[in-house]
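Visitor: The structure under discussion is supplied below as structure tokens; questions concerning it will follow.
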Amino acid sequence: MLTALVDYDSGNLHSAQKAFERMAHEAGHGTIVVTSEPDVVAKADRIVLPGDGAFPACRRALDRFTGLFEAIEEGVYQQGKPFMGICIGMQMMATRGLEFEPTEGFGWIPGEVRHIEPADAALKVPHMGWNDLVIDRPHPVLDGVQTGDHAYFVHSFHFVVERPEHLLAHADYAGPITAIVGRDNMVGTQFHPEKSQAVGLRIISNFLNWKP
Amino acid sequence: MLKTRIIPCLDVADGRVVKGVNFVNLIDAGDPVEAAKAYDAAGADELCFLDIHATHENRGTMFDLVTHTAEQCFMPLTVGGGVRTQQDVRALLLAGADKVSFNSAAVANPDVVAEAADRFGSQCIVVAIDAKTVEPGRWEIFTHGGRKPTGIDAVEFARLVESKGAGEILLTSMDRDGTRAGFNLPLTRAISDAVNIPVIASGGVGNLDHLVEGVTKGGASAVLAASIFHFGEYTIRQAKEHMAAAGIPVRL
């Protein structure tokens with residue numbers, strides 16, 4: 001089994017690569033490859049899209065690699081390969097993002113990526129640090145993960161989903177912050193599983209084991 | 001609910017932890033990667049590496065160190081010391097840092113913060129502010145390890161770097177650093193109130209009550225300490241339990 005970690009020149013892939021490699025190795029889940037090649041993405045059995053930075057910059061970075069988005073979309077949307085988006089990689093699953101300028105997302109999960117506006121004005125933005133997850137609906141990728149487990153967040157925008165059935169988990173920050181989205185063969189985490197110690201590694205392992 | 005973070009800070013010079021870390025029996029107390037692994041296992045919320053002798057020649061050592069840490073510790077890592085250019089930021093992020101901290105370079109030219117935030121996102125750009133009390137209620141930025149005054153007001157500078165896109169402020173009180181007398185609380189409070197980004201309090205921690213005060217009185221989102229953890233005086237767990245008992249939300 002081949003899992004492609006898509007490298008589109010947007011942020012820190014090293015930690016994600018090592019975390020996926022460790023969990024793939026521990027559970028015999030095949031090989032992890034970091035790639036920008038549409039051909040390699042097309043051959044992969046699973047696709048992971050990380051990303052750090054601003055939504056428009058990430059979208060433009062992805063589009064600079066000719067054929068890369070098309071390969072991801074073909075694999076995920078048409079062929080139903082398991083997909084995991086992380087941070088901006090998760091946000092890009094939305095209809096659009098509103099960071100700096102309205103930017104089209106992939107439109108896989110209806111909703112918008114909006115600035116975090118906590119109801120309590122004393123709360124700081126970015127939402128940075130460890131927050132506890134509230135699981136809204138059970139999912140194979142959340143096997144063994146419970147409400148109250150902590151994940152590491154660092155973001156100023158979050159994904160407001162249109163349909164509640166696409167919200168798998170949230171965190172509270174004087175109002176709900178979308179933590180995990182999913183539908184069919186796709187999941188996305190706003191937090192960084194590769195930085196969330198045991199809870200994050202568990203989610204990565206579950207994803208590698210997931211047969212949607 | 002978002003938890004208050006406890007951040008052990010490792011001062012690194014030429015790839016080695018200054019004064020070592022002895023809270024567990026490491027084979028090599030000066031190996032930053034070993035120390036990072038121990039803090040990962042101990043439940044630290046983040047780690048901070050500060051390159052205190054950063055020079056152009058030894059940058060590669062720091063990149064290697066971050067790379068090796070990120071391969072083994074799946075926790076957030078902030079790296080600072082000698083960060084001057086967008087290339088420095090990019091290299092550290094690619095090596096596995098989650099956040100990169102500007103210090104003197106941001107004082108010399110606050111626009112480096114704006115450029116880095118635009119390119120890499122505010123979430124990974126920290127500005128380290130080293131401030132000294134110049135009169136009651138007024139604090140000035142000092143650079144070069146607290147030796148060089150700049151005439152810049154610390155509170156105004158905090159607002160400025162926030163407007164430039166900094167995602168967090170690492171605030172060190174140069175009056176208190178190394179004294180074990182506790183954080184400079186009026187300074188911490190003044191900066192926390194002045195900005196809407198998280199502030200990490202640093203400088204002066206000598207006991208666990210100091211950590212509590214940094215949050216309850218100083219308004220910090222995170223507390224950074226070094227010696228009280230490195231030499232086993234207190235464990236991360238004890239620190240968190242003490243803060244929890246004081247009503248501060250922590251990740252236990």
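By convention here, the chains of the structure tokens are called A, B, ... in the order presented, each chain's residues are numbered starting at 1, and ligands are numbered starting at 1 in the order presented.
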Can you list every residue of chain A that has an atom at most 8 Å from chain B, with its nearest atom pair and the distance in Å to one decimal, using only C-alpha atoms, ordered by chain then number, as a tab-separated table?
Guide:
```
residue	atom	partner	partner_atom	distance
A:Gly11	CA	B:Leu93	CA	6.6
A:Asn12	CA	B:Leu94	CA	4.8
A:Leu13	CA	B:Leu94	CA	6.6
A:His14	CA	B:Gly96	CA	5.5
A:Ser15	CA	B:Gly96	CA	5.5
A:Lys18	CA	B:Glu71	CA	5.5
A:Ala19	CA	B:Phe74	CA	7.0
A:Asp52	CA	B:Phe120	CA	7.0
A:Gly53	CA	B:Gly121	CA	4.1
A:Ala54	CA	B:Gly121	CA	5.5
A:Ala57	CA	B:Arg119	CA	7.7
A:Ala122	CA	B:Asn196	CA	7.9
A:Leu123	CA	B:Asn196	CA	7.6
A:Lys124	CA	B:Asn196	CA	5.1
A:Val125	CA	B:Ile197	CA	5.5
A:Pro126	CA	B:Ile197	CA	6.4
A:His127	CA	B:Leu2	CA	8.0
A:Met128	CA	B:Pro198	CA	7.6
A:Gly129	CA	B:Leu2	CA	6.6
A:Trp130	CA	B:Lys3	CA	5.6
A:Asn131	CA	B:Leu2	CA	4.4
A:Asp132	CA	B:Met1	CA	6.3
A:His150	CA	B:Arg251	CA	7.3
A:Tyr152	CA	B:Pro76	CA	7.8
A:Val154	CA	B:Gln123	CA	6.0
A:His155	CA	B:Gln123	CA	5.9
A:Ser156	CA	B:Gln123	CA	7.4
A:Ala171	CA	B:Met1	CA	7.1
A:Asp172	CA	B:Met1	CA	5.3
A:Tyr173	CA	B:Met1	CA	5.9
A:Glu194	CA	B:Phe74	CA	5.5
A:Lys195	CA	B:Met75	CA	4.1
A:Ser196	CA	B:Met75	CA	5.8
A:Gln197	CA	B:Phe74	CA	5.1
```
Visitor: For the residues in that selection, give me C-alpha atoms as a PDB file, in the first residue's frame.
Guide:
```pdb
ATOM      1  CA  GLY A  11       4.994  24.368   4.897  1.00  0.00           C
ATOM      2  CA  ASN A  12       6.474  21.731   7.066  1.00  0.00           C
ATOM      3  CA  LEU A  13       6.233  18.232   5.677  1.00  0.00           C
ATOM      4  CA  HIS A  14       9.070  16.735   7.632  1.00  0.00           C
ATOM      5  CA  SER A  15       7.141  16.107  10.841  1.00  0.00           C
ATOM      6  CA  LYS A  18       8.021  11.059  10.017  1.00  0.00           C
ATOM      7  CA  ALA A  19       4.761  10.590  11.902  1.00  0.00           C
ATOM      8  CA  ASP A  52       0.578  25.611   6.526  1.00  0.00           C
ATOM      9  CA  GLY A  53       0.090  29.239   5.741  1.00  0.00           C
ATOM     10  CA  ALA A  54      -2.609  31.368   4.260  1.00  0.00           C
ATOM     11  CA  ALA A  57      -1.197  31.218  -0.914  1.00  0.00           C
ATOM     12  CA  ALA A 122     -10.614  38.255  25.958  1.00  0.00           C
ATOM     13  CA  LEU A 123      -9.718  35.127  23.993  1.00  0.00           C
ATOM     14  CA  LYS A 124      -6.731  35.485  21.711  1.00  0.00           C
ATOM     15  CA  VAL A 125      -6.528  34.680  18.024  1.00  0.00           C
ATOM     16  CA  PRO A 126      -4.711  32.591  16.708  1.00  0.00           C
ATOM     17  CA  HIS A 127      -6.359  29.731  18.539  1.00  0.00           C
ATOM     18  CA  MET A 128      -3.028  28.278  19.565  1.00  0.00           C
ATOM     19  CA  GLY A 129      -2.341  25.319  21.784  1.00  0.00           C
ATOM     20  CA  TRP A 130      -3.977  22.199  23.143  1.00  0.00           C
ATOM     21  CA  ASN A 131      -7.732  22.017  23.153  1.00  0.00           C
ATOM     22  CA  ASP A 132      -9.953  19.077  23.997  1.00  0.00           C
ATOM     23  CA  HIS A 150      -6.404  16.892  23.446  1.00  0.00           C
ATOM     24  CA  TYR A 152      -2.693  20.731  19.071  1.00  0.00           C
ATOM     25  CA  VAL A 154      -2.621  26.651  15.609  1.00  0.00           C
ATOM     26  CA  HIS A 155      -4.861  28.670  13.296  1.00  0.00           C
ATOM     27  CA  SER A 156      -6.778  31.912  12.912  1.00  0.00           C
ATOM     28  CA  ALA A 171     -13.369  22.092  20.130  1.00  0.00           C
ATOM     29  CA  ASP A 172     -14.737  24.876  22.277  1.00  0.00           C
ATOM     30  CA  TYR A 173     -13.232  28.364  22.166  1.00  0.00           C
ATOM     31  CA  GLU A 194       1.723  14.949  13.683  1.00  0.00           C
ATOM     32  CA  LYS A 195       2.118  17.380  16.595  1.00  0.00           C
ATOM     33  CA  SER A 196      -0.521  15.950  18.887  1.00  0.00           C
ATOM     34  CA  GLN A 197       1.562  13.256  20.543  1.00  0.00           C
TER      35      GLN A 197
END
```
Visitor: Would you list the contacts of segment 19-26 of chain B as an mmCIF file with N, CA and C atoms, in the first residue's frame, taking every protein, DNA or RNA residue within 10 Å and counting only C-alpha atoms, but skipping same-chain residues closer than 3 positions in sequence?
Guide:
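Below is the file that was written, result-v6.cif:
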```cif
data_model
loop_
_atom_site.group_PDB
_atom_site.id
_atom_site.type_symbol
_atom_site.label_atom_id
_atom_site.label_comp_id
_atom_site.auth_asym_id
_atom_site.auth_seq_id
_atom_site.Cartn_x
_atom_site.Cartn_y
_atom_site.Cartn_z
ATOM 1 N N LEU B 10 15.045 25.109 25.932
ATOM 2 C CA LEU B 10 16.409 24.598 25.908
ATOM 3 C C LEU B 10 17.307 25.637 25.247
ATOM 4 N N ASP B 11 18.228 26.174 26.013
ATOM 5 C CA ASP B 11 19.232 27.073 25.439
ATOM 6 C C ASP B 11 20.301 26.210 24.796
ATOM 7 N N VAL B 12 20.542 26.483 23.526
ATOM 8 C CA VAL B 12 21.459 25.645 22.765
ATOM 9 C C VAL B 12 22.602 26.509 22.247
ATOM 10 N N ARG B 16 24.602 22.043 21.431
ATOM 11 C CA ARG B 16 24.565 21.386 22.743
ATOM 12 C C ARG B 16 23.693 22.195 23.702
ATOM 13 N N ALA B 29 23.514 14.359 28.783
ATOM 14 C CA ALA B 29 22.700 15.462 29.308
ATOM 15 C C ALA B 29 22.769 16.702 28.424
ATOM 16 N N GLY B 30 23.751 16.758 27.520
ATOM 17 C CA GLY B 30 23.891 17.925 26.669
ATOM 18 C C GLY B 30 23.284 17.741 25.288
ATOM 19 N N ASP B 31 22.678 16.587 25.050
ATOM 20 C CA ASP B 31 22.122 16.310 23.721
ATOM 21 C C ASP B 31 20.695 16.862 23.644
ATOM 22 N N PRO B 32 20.476 17.894 22.829
ATOM 23 C CA PRO B 32 19.145 18.506 22.768
ATOM 24 C C PRO B 32 18.061 17.532 22.318
ATOM 25 N N GLU B 34 17.907 14.269 22.878
ATOM 26 C CA GLU B 34 17.569 13.425 24.034
ATOM 27 C C GLU B 34 16.699 14.201 25.027
ATOM 28 N N ALA B 35 17.073 15.443 25.260
ATOM 29 C CA ALA B 35 16.298 16.277 26.192
ATOM 30 C C ALA B 35 14.881 16.487 25.663
ATOM 31 N N ALA B 36 14.773 16.729 24.356
ATOM 32 C CA ALA B 36 13.457 16.936 23.749
ATOM 33 C C ALA B 36 12.596 15.687 23.904
ATOM 34 N N LYS B 37 13.192 14.522 23.684
ATOM 35 C CA LYS B 37 12.441 13.270 23.819
ATOM 36 C C LYS B 37 11.946 13.092 25.255
ATOM 37 N N ALA B 38 12.786 13.456 26.199
ATOM 38 C CA ALA B 38 12.402 13.314 27.605
ATOM 39 C C ALA B 38 11.229 14.243 27.933
ATOM 40 N N TYR B 39 11.272 15.457 27.397
ATOM 41 C CA TYR B 39 10.165 16.387 27.650
ATOM 42 C C TYR B 39 8.896 15.965 26.914
ATOM 43 N N ALA B 42 7.436 13.477 29.042
ATOM 44 C CA ALA B 42 6.984 14.051 30.316
ATOM 45 C C ALA B 42 5.690 14.857 30.178
ATOM 46 N N ALA B 226 12.973 27.143 32.334
ATOM 47 C CA ALA B 226 14.098 26.293 31.958
ATOM 48 C C ALA B 226 14.631 25.552 33.171
ATOM 49 N N SER B 227 15.353 26.267 34.030
ATOM 50 C CA SER B 227 16.124 25.569 35.061
ATOM 51 C C SER B 227 15.251 24.778 36.033
ATOM 52 N N ILE B 228 14.050 25.259 36.357
ATOM 53 C CA ILE B 228 13.260 24.507 37.340
ATOM 54 C C ILE B 228 12.889 23.125 36.826
ATOM 55 N N PHE B 229 12.865 22.980 35.498
ATOM 56 C CA PHE B 229 12.571 21.664 34.935
ATOM 57 C C PHE B 229 13.843 20.885 34.611
ATOM 58 N N HIS B 230 14.840 21.578 34.090
ATOM 59 C CA HIS B 230 16.016 20.860 33.578
ATOM 60 C C HIS B 230 16.732 20.051 34.650
ATOM 61 N N PHE B 231 16.702 20.565 35.879
ATOM 62 C CA PHE B 231 17.500 19.883 36.898
ATOM 63 C C PHE B 231 16.636 19.114 37.883
ATOM 64 N N GLY B 232 15.375 18.870 37.453
ATOM 65 C CA GLY B 232 14.544 17.945 38.208
ATOM 66 C C GLY B 232 13.940 18.524 39.475
ATOM 67 N N GLU B 233 14.009 19.848 39.611
ATOM 68 C CA GLU B 233 13.421 20.469 40.799
ATOM 69 C C GLU B 233 11.909 20.210 40.827
ATOM 70 N N TYR B 234 11.291 20.419 39.676
ATOM 71 C CA TYR B 234 9.876 20.108 39.518
ATOM 72 C C TYR B 234 9.691 19.355 38.208
ATOM 73 N N THR B 235 8.682 18.470 38.192
ATOM 74 C CA THR B 235 8.366 17.819 36.930
ATOM 75 C C THR B 235 7.295 18.645 36.216
#
```
Visitor: DSSP on the backbone: what in segment 120-184 of chain B comes out helix (DSSP H, G or I), as an MDAnalysis selection string?
Guide: chainID B and resid 120 122:124 154:164
Visitor: Let me see the file: selected residues, C-alpha atoms, as a compact mmCIF listing (two decimals), in the first residue's frame.
Guide:
```txt
# COMPACT_ATOMS: atom_id res chain seq x y z
CA PHE B 120 4.36 31.44 5.91
CA SER B 122 1.01 34.34 11.18
CA GLN B 123 0.54 31.07 13.04
CA CYS B 124 4.23 30.21 12.74
CA ALA B 154 8.04 47.37 24.68
CA VAL B 155 4.27 47.79 24.73
CA GLU B 156 4.26 49.87 21.55
CA PHE B 157 6.58 47.40 19.88
CA ALA B 158 4.29 44.50 20.82
CA ARG B 159 1.37 46.30 19.17
CA LEU B 160 3.51 47.05 16.14
CA VAL B 161 4.60 43.43 15.56
CA GLU B 162 1.02 42.27 16.06
CA SER B 163 -0.04 44.68 13.31
CA LYS B 164 2.76 43.26 11.14
```
Visitor: Pick out the closest residue to Ser104 of chain B from this set: B:Val89, B:Ile129, B:Ala54, B:Ala181. Count only C-alpha atoms.
Guide: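 Selected residue with least distance to Ser104 of chain B: B:Ile129.
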Visitor: Counting only C-alpha atoms, which residue out of A:Val161, A:Ala174, A:Leu168, A:Val113 sits closest to Pro140 of chain A?
Guide: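 The closest residue to Pro140 of chain A is A:Leu168.
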Visitor: Which residue, A:Ala44, A:Ala151, A:Leu133, A:Val181, has the smallest gap to Met84 of chain A when you use only C-alpha atoms?
Guide: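 Between A:Ala44, A:Ala151, A:Leu133, A:Val181, the residue approaching Met84 of chain A most closely is A:Val181.
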Visitor: Extract, using only C-alpha atoms, all DNA, RNA and protein residues at most 10 Å from Asp153 of chain B, discarding same-chain residues fewer than 2 positions from it, and format them as JSON, numbers by chain.
Guide: {"B": [131, 132, 134, 138, 139, 140, 141, 142, 150, 151, 155, 156, 157, 158]}
Visitor: Export N, CA and C atoms of the chosen residues as a tab-separated table (two decimals), in the first residue's frame?
Guide:
```tsv
chain	number	residue	atom	x	y	z
B	131	ALA	N	12.64	42.69	27.28
B	131	ALA	CA	12.35	44.04	27.80
B	131	ALA	C	12.90	44.21	29.20
B	132	LYS	N	13.27	45.45	29.48
B	132	LYS	CA	13.79	45.82	30.79
B	132	LYS	C	12.98	47.00	31.31
B	134	VAL	N	12.54	50.49	32.68
B	134	VAL	CA	13.34	51.71	32.70
B	134	VAL	C	12.81	52.72	33.71
B	138	ARG	N	7.11	51.46	32.69
B	138	ARG	CA	7.64	51.64	31.34
B	138	ARG	C	8.78	50.66	31.11
B	139	TRP	N	8.69	50.00	29.97
B	139	TRP	CA	9.66	48.96	29.66
B	139	TRP	C	10.23	49.20	28.28
B	140	GLU	N	11.51	48.94	28.15
B	140	GLU	CA	12.18	49.23	26.89
B	140	GLU	C	12.75	47.92	26.33
B	141	ILE	N	12.80	47.85	25.01
B	141	ILE	CA	13.38	46.68	24.35
B	141	ILE	C	14.91	46.75	24.45
B	142	PHE	N	15.49	45.65	24.82
B	142	PHE	CA	16.94	45.52	24.82
B	142	PHE	C	17.31	44.37	23.89
B	150	THR	N	17.50	50.06	23.12
B	150	THR	CA	17.08	50.49	21.78
B	150	THR	C	16.25	51.76	21.84
B	151	GLY	N	15.77	52.11	23.05
B	151	GLY	CA	14.88	53.26	23.14
B	151	GLY	C	13.46	52.97	22.72
B	155	VAL	N	5.70	47.95	24.98
B	155	VAL	CA	4.27	47.79	24.73
B	155	VAL	C	3.93	48.25	23.30
B	156	GLU	N	4.51	49.38	22.92
B	156	GLU	CA	4.26	49.87	21.55
B	156	GLU	C	4.81	48.90	20.51
B	157	PHE	N	5.97	48.33	20.83
B	157	PHE	CA	6.58	47.40	19.88
B	157	PHE	C	5.72	46.13	19.77
B	158	ALA	N	5.15	45.69	20.87
B	158	ALA	CA	4.29	44.50	20.82
B	158	ALA	C	3.09	44.76	19.90
```
Visitor: Give me the residues near Ser202 of chain B as a list in words, where near means some atom within 6 Å (using only C-alpha atoms) and where sequence neighbours in that chain fewer than 5 positions away do not count.
Guide: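 Result of the neighbour search: Leu171, Thr172 and Leu224 of chain B.
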Visitor: Taking N, CA and C atoms for each residue, export the selection above as a PDB file, in the first residue's frame.
Guide:
```pdb
ATOM      1  N   LEU B 171       7.726  36.821  25.523  1.00  0.00           N
ATOM      2  CA  LEU B 171       8.122  38.010  26.289  1.00  0.00           C
ATOM      3  C   LEU B 171       9.073  37.615  27.415  1.00  0.00           C
ATOM      4  N   THR B 172      10.298  38.105  27.339  1.00  0.00           N
ATOM      5  CA  THR B 172      11.266  37.827  28.401  1.00  0.00           C
ATOM      6  C   THR B 172      11.598  39.109  29.151  1.00  0.00           C
ATOM      7  N   LEU B 224       6.910  29.869  30.089  1.00  0.00           N
ATOM      8  CA  LEU B 224       8.147  29.231  29.674  1.00  0.00           C
ATOM      9  C   LEU B 224       9.113  29.219  30.855  1.00  0.00           C
TER      10      LEU B 224
END
```
Visitor: How would you write, as a ChimeraX atom specification, the set of residues in segment 96-214 of chain B that DSSP gives as strand (DSSP E)?
Guide: /B:99-102,125-135,138-143,148-153,168-173,199-202
Visitor: Figure out the distance between atom CA of Ile169 of chain B and atom CA of Leu50 of chain B, please, to one decimal in Å.
Guide: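 Separation of atom CA of Leu50 of chain B and atom CA of Ile169 of chain B: 14.5 Å.
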Visitor: Can you tell me which residues surround Ile109 of chain A at a distance of at most 9 Å, considering only C-alpha atoms, apart from same-chain residues fewer than 3 positions away, and format the answer as a list in words?
Guide: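 Contacts, in chain order: Met93, Ala94, Thr95, Phe106, Val161, Glu162, Arg163, His166, Val181, Gly182 and Arg183 of chain A.
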Visitor: Of the candidates A:Thr3, A:Thr189, A:Thr103, A:Asn209, which shows the shortest atom-to-atom distance to Gly75 of chain A, using only C-alpha atoms?
Guide: A:Thr3
Visitor: Counting only C-alpha atoms, which of A:Asp39, A:Asp136, A:Asp143, A:Asp184 gets nearest to Leu167 of chain A?
Guide: A:Asp136
Visitor: Quick one: of A:Ile86, A:Leu49, A:Ile177, A:Val145, who's nearest to Pro118 of chain A, counting only C-alpha atoms?
Guide: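 Going through A:Ile86, A:Leu49, A:Ile177, A:Val145 one by one, the smallest distance to Pro118 of chain A is for A:Ile177.
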Visitor: Kindly give the distance, in Å, that separates atom CA of His29 of chain A and atom CA of Glu165 of chain A, rounded to a single decimal.
Guide: 28.8 Å
